[in-house]
Amino acid sequence: PESISELKIRGDCDLSRNNLGNLPGSWSRIEIGGDLYLQENSLAALPDRFFEMEVAGSVFVHKNKLEELPEMPNQGALIRGCLNLSDNELMSLCTSFGSLEVVGELDLRNNKILMLPVNIGMLKVGGDLWLSGNQLATVPSSFAQIQVGGRLFLARNSMSALPDTFG
């Protein structure tokens, strides 16, 4: 129900392994003091303002049916833990994806991502960045500016060359 937006949870919120097909539009107003678990549902989309919600920890949305992501807020978005979007049906990332900052790891493995947005170089990831198991044939030249605090994984894609900016 829409009234779920009034929730303020001090710890984790675990809604994993249900059959959720969508989340209410007001979802972005929920405050979660720990981690948010939405994995292994049937989510095909996230609410437009999903990345505006207050989550103190990590966000797990893997093993759903996401085909696209909502745009980031104008001021960018901050994930204070990890963001796991692996094992979905994502073919591309929203144009504002580069304005995202993830303190932990960002996992986009095993989707169907064909290309990355031009502004991907603005992306900040404090941990590992997982892009393995997608369908990337190349990456934009701005990719060389991504700030990754851990390891970068690009295995199992369709790349035959790297941009000159990698050298």
# chains A, B, ... in the order shown; residues from 1 in each chain; ligands from 1

$ residues_around --residues "Gly76 (chain A)" --least-positions-apart "3" --cutoff "6 Å" --atoms "only C-alpha atoms" --output "list in words"
Met72, Pro73, Ser99 and Leu100 of chain A

$ residues_around --residues "region 146-163 of chain A" --least-positions-apart "2" --cutoff "12 Å" --atoms "only C-alpha atoms" --output "VMD selection string"
chain A and resid 97 to 116 118 to 144 165 to 167

$ select_by_dssp --residues "region 17-166 of chain A" --states "strand (DSSP E or B)" --output "list in words"
Glu31, Ile32, Leu36, Tyr37, Glu54, Val55, Val59, Phe60, Ala77, Leu78, Ile79, Leu83, Asn84, Ser92, Leu100, Glu101, Val102, Leu106, Asp107, Met115, Lys124, Val125, Leu129, Trp130, Gln147, Val148, Leu152 and Phe153 of chain A

$ write_last_selection --atoms "C-alpha atoms" --output "PDB file, in the first residue's frame"
ATOM      1  CA  GLU A  31      13.939   5.352   5.765  1.00  0.00           C
ATOM      2  CA  ILE A  32      15.981   2.204   6.408  1.00  0.00           C
ATOM      3  CA  LEU A  36      17.526  -3.353   2.007  1.00  0.00           C
ATOM      4  CA  TYR A  37      16.945  -6.850   0.619  1.00  0.00           C
ATOM      5  CA  GLU A  54      17.421   6.815   2.632  1.00  0.00           C
ATOM      6  CA  VAL A  55      19.196   3.503   3.201  1.00  0.00           C
ATOM      7  CA  VAL A  59      20.827  -2.387  -1.416  1.00  0.00           C
ATOM      8  CA  PHE A  60      20.314  -5.865  -2.884  1.00  0.00           C
ATOM      9  CA  ALA A  77      22.673   9.336  -5.639  1.00  0.00           C
ATOM     10  CA  LEU A  78      24.642   7.849  -2.769  1.00  0.00           C
ATOM     11  CA  ILE A  79      24.553   4.183  -1.762  1.00  0.00           C
ATOM     12  CA  LEU A  83      24.576  -2.045  -4.666  1.00  0.00           C
ATOM     13  CA  ASN A  84      23.834  -5.429  -6.210  1.00  0.00           C
ATOM     14  CA  SER A  92      21.459  -0.443 -20.690  1.00  0.00           C
ATOM     15  CA  LEU A 100      25.955   7.496  -8.738  1.00  0.00           C
ATOM     16  CA  GLU A 101      28.358   7.026  -5.831  1.00  0.00           C
ATOM     17  CA  VAL A 102      28.580   3.600  -4.192  1.00  0.00           C
ATOM     18  CA  LEU A 106      28.739  -2.217  -7.426  1.00  0.00           C
ATOM     19  CA  ASP A 107      27.619  -5.496  -8.977  1.00  0.00           C
ATOM     20  CA  MET A 115      26.584  -0.143 -23.815  1.00  0.00           C
ATOM     21  CA  LYS A 124      32.514   6.502  -8.035  1.00  0.00           C
ATOM     22  CA  VAL A 125      32.767   3.001  -6.561  1.00  0.00           C
ATOM     23  CA  LEU A 129      33.046  -2.919  -9.900  1.00  0.00           C
ATOM     24  CA  TRP A 130      31.524  -6.008 -11.516  1.00  0.00           C
ATOM     25  CA  GLN A 147      37.018   5.912  -9.706  1.00  0.00           C
ATOM     26  CA  VAL A 148      37.143   2.297  -8.485  1.00  0.00           C
ATOM     27  CA  LEU A 152      37.396  -4.041 -11.974  1.00  0.00           C
ATOM     28  CA  PHE A 153      35.821  -7.095 -13.604  1.00  0.00           C
TER      29      PHE A 153
END

$ select_by_dssp --residues "chain A" --states "helix (DSSP H, G or I)" --output "compact mmCIF listing (two decimals) with N, CA, C and O atoms, in the first residue's frame"
# COMPACT_ATOMS: atom_id res chain seq x y z
N GLU A 2 0.29 2.37 -0.47
CA GLU A 2 1.01 3.64 -0.49
C GLU A 2 1.48 4.07 0.90
O GLU A 2 2.48 4.75 1.05
N SER A 3 0.76 3.68 1.94
CA SER A 3 1.12 4.09 3.30
C SER A 3 2.45 3.50 3.75
O SER A 3 3.00 3.93 4.76
N ILE A 4 3.00 2.57 2.99
CA ILE A 4 4.30 1.98 3.34
C ILE A 4 5.38 3.07 3.36
O ILE A 4 6.39 2.94 4.03
N SER A 5 5.14 4.15 2.65
CA SER A 5 6.13 5.22 2.57
C SER A 5 6.37 5.89 3.93
O SER A 5 7.34 6.62 4.09
N GLU A 6 5.52 5.65 4.89
CA GLU A 6 5.68 6.26 6.21
C GLU A 6 6.59 5.43 7.11
O GLU A 6 6.88 5.83 8.23
N GLY A 25 4.98 3.79 -5.77
CA GLY A 25 5.71 4.99 -6.18
C GLY A 25 6.25 5.79 -5.01
O GLY A 25 7.26 6.46 -5.12
N SER A 26 5.59 5.70 -3.87
CA SER A 26 6.02 6.45 -2.69
C SER A 26 7.16 5.75 -1.95
O SER A 26 7.61 6.23 -0.91
N TRP A 27 7.64 4.66 -2.46
CA TRP A 27 8.68 3.86 -1.82
C TRP A 27 9.91 4.70 -1.46
O TRP A 27 10.57 4.45 -0.46
N SER A 28 10.22 5.70 -2.26
CA SER A 28 11.45 6.48 -2.05
C SER A 28 11.45 7.25 -0.73
O SER A 28 12.48 7.73 -0.30
N ARG A 29 10.32 7.35 -0.06
CA ARG A 29 10.26 8.10 1.19
C ARG A 29 10.53 7.22 2.42
O ARG A 29 10.57 7.73 3.54
N PHE A 50 13.37 5.83 -6.87
CA PHE A 50 13.97 4.77 -6.04
C PHE A 50 15.30 5.20 -5.44
O PHE A 50 15.58 4.95 -4.28
N PHE A 51 16.15 5.85 -6.22
CA PHE A 51 17.49 6.20 -5.74
C PHE A 51 17.50 7.43 -4.84
O PHE A 51 18.56 7.89 -4.44
N GLU A 52 16.32 7.95 -4.48
CA GLU A 52 16.24 9.05 -3.52
C GLU A 52 16.00 8.55 -2.09
O GLU A 52 16.04 9.33 -1.15
N PHE A 97 23.41 7.51 -14.84
CA PHE A 97 24.02 6.50 -13.98
C PHE A 97 25.40 6.93 -13.47
O PHE A 97 25.81 6.59 -12.38
N GLY A 98 26.11 7.72 -14.25
CA GLY A 98 27.44 8.17 -13.86
C GLY A 98 27.45 9.04 -12.62
O GLY A 98 28.47 9.20 -11.97
N SER A 99 26.30 9.63 -12.27
CA SER A 99 26.25 10.49 -11.08
C SER A 99 26.06 9.69 -9.79
O SER A 99 25.93 10.26 -8.71
N VAL A 118 27.54 7.65 -21.72
CA VAL A 118 28.72 8.47 -22.00
C VAL A 118 29.32 9.03 -20.72
O VAL A 118 30.54 9.14 -20.59
N ASN A 119 28.49 9.39 -19.73
CA ASN A 119 28.99 10.00 -18.50
C ASN A 119 29.45 8.98 -17.46
O ASN A 119 29.64 9.32 -16.30
N ILE A 120 29.67 7.75 -17.85
CA ILE A 120 30.04 6.69 -16.90
C ILE A 120 31.34 7.03 -16.17
O ILE A 120 31.57 6.57 -15.06
N GLY A 121 32.16 7.88 -16.73
CA GLY A 121 33.42 8.27 -16.10
C GLY A 121 33.25 9.03 -14.79
O GLY A 121 34.19 9.14 -14.01
N MET A 122 32.07 9.55 -14.54
CA MET A 122 31.80 10.26 -13.28
C MET A 122 31.47 9.29 -12.14
O MET A 122 31.40 9.70 -10.98
N SER A 141 35.03 6.33 -23.98
CA SER A 141 36.35 6.81 -23.58
C SER A 141 36.34 7.35 -22.15
O SER A 141 37.35 7.27 -21.45
N SER A 142 35.20 7.85 -21.68
CA SER A 142 35.12 8.37 -20.31
C SER A 142 35.29 7.27 -19.27
O SER A 142 35.53 7.56 -18.10
N PHE A 143 35.20 6.02 -19.67
CA PHE A 143 35.34 4.89 -18.76
C PHE A 143 36.67 4.94 -18.01
O PHE A 143 36.77 4.53 -16.86
N ALA A 144 37.67 5.50 -18.64
CA ALA A 144 39.00 5.58 -18.03
C ALA A 144 39.03 6.49 -16.80
O ALA A 144 39.96 6.42 -16.00
N GLN A 145 38.01 7.33 -16.63
CA GLN A 145 37.96 8.24 -15.48
C GLN A 145 37.19 7.68 -14.29
O GLN A 145 37.12 8.32 -13.24
N ASP A 164 41.51 3.93 -26.74
CA ASP A 164 42.89 4.45 -26.61
C ASP A 164 43.13 5.08 -25.26
O ASP A 164 44.25 5.12 -24.78
N THR A 165 42.08 5.59 -24.61
CA THR A 165 42.25 6.27 -23.32
C THR A 165 42.68 5.30 -22.22
O THR A 165 43.03 5.73 -21.13
N PHE A 166 42.67 4.00 -22.46
CA PHE A 166 43.13 3.03 -21.47
C PHE A 166 44.64 2.96 -21.42
O PHE A 166 45.19 2.38 -20.51

$ closest_residue --among "A:Leu15, A:Ala56, A:Leu38, A:Leu23" --to "Leu85 (chain A)" --atoms "only C-alpha atoms"
A:Leu38

$ residues_around --residues "Gln39 (chain A)" --least-positions-apart "6" --cutoff "7 Å" --atoms "only C-alpha atoms" --output "list in words"
Ser16, Arg17, Phe60, Val61, His62, Lys63 and Asn64 of chain A
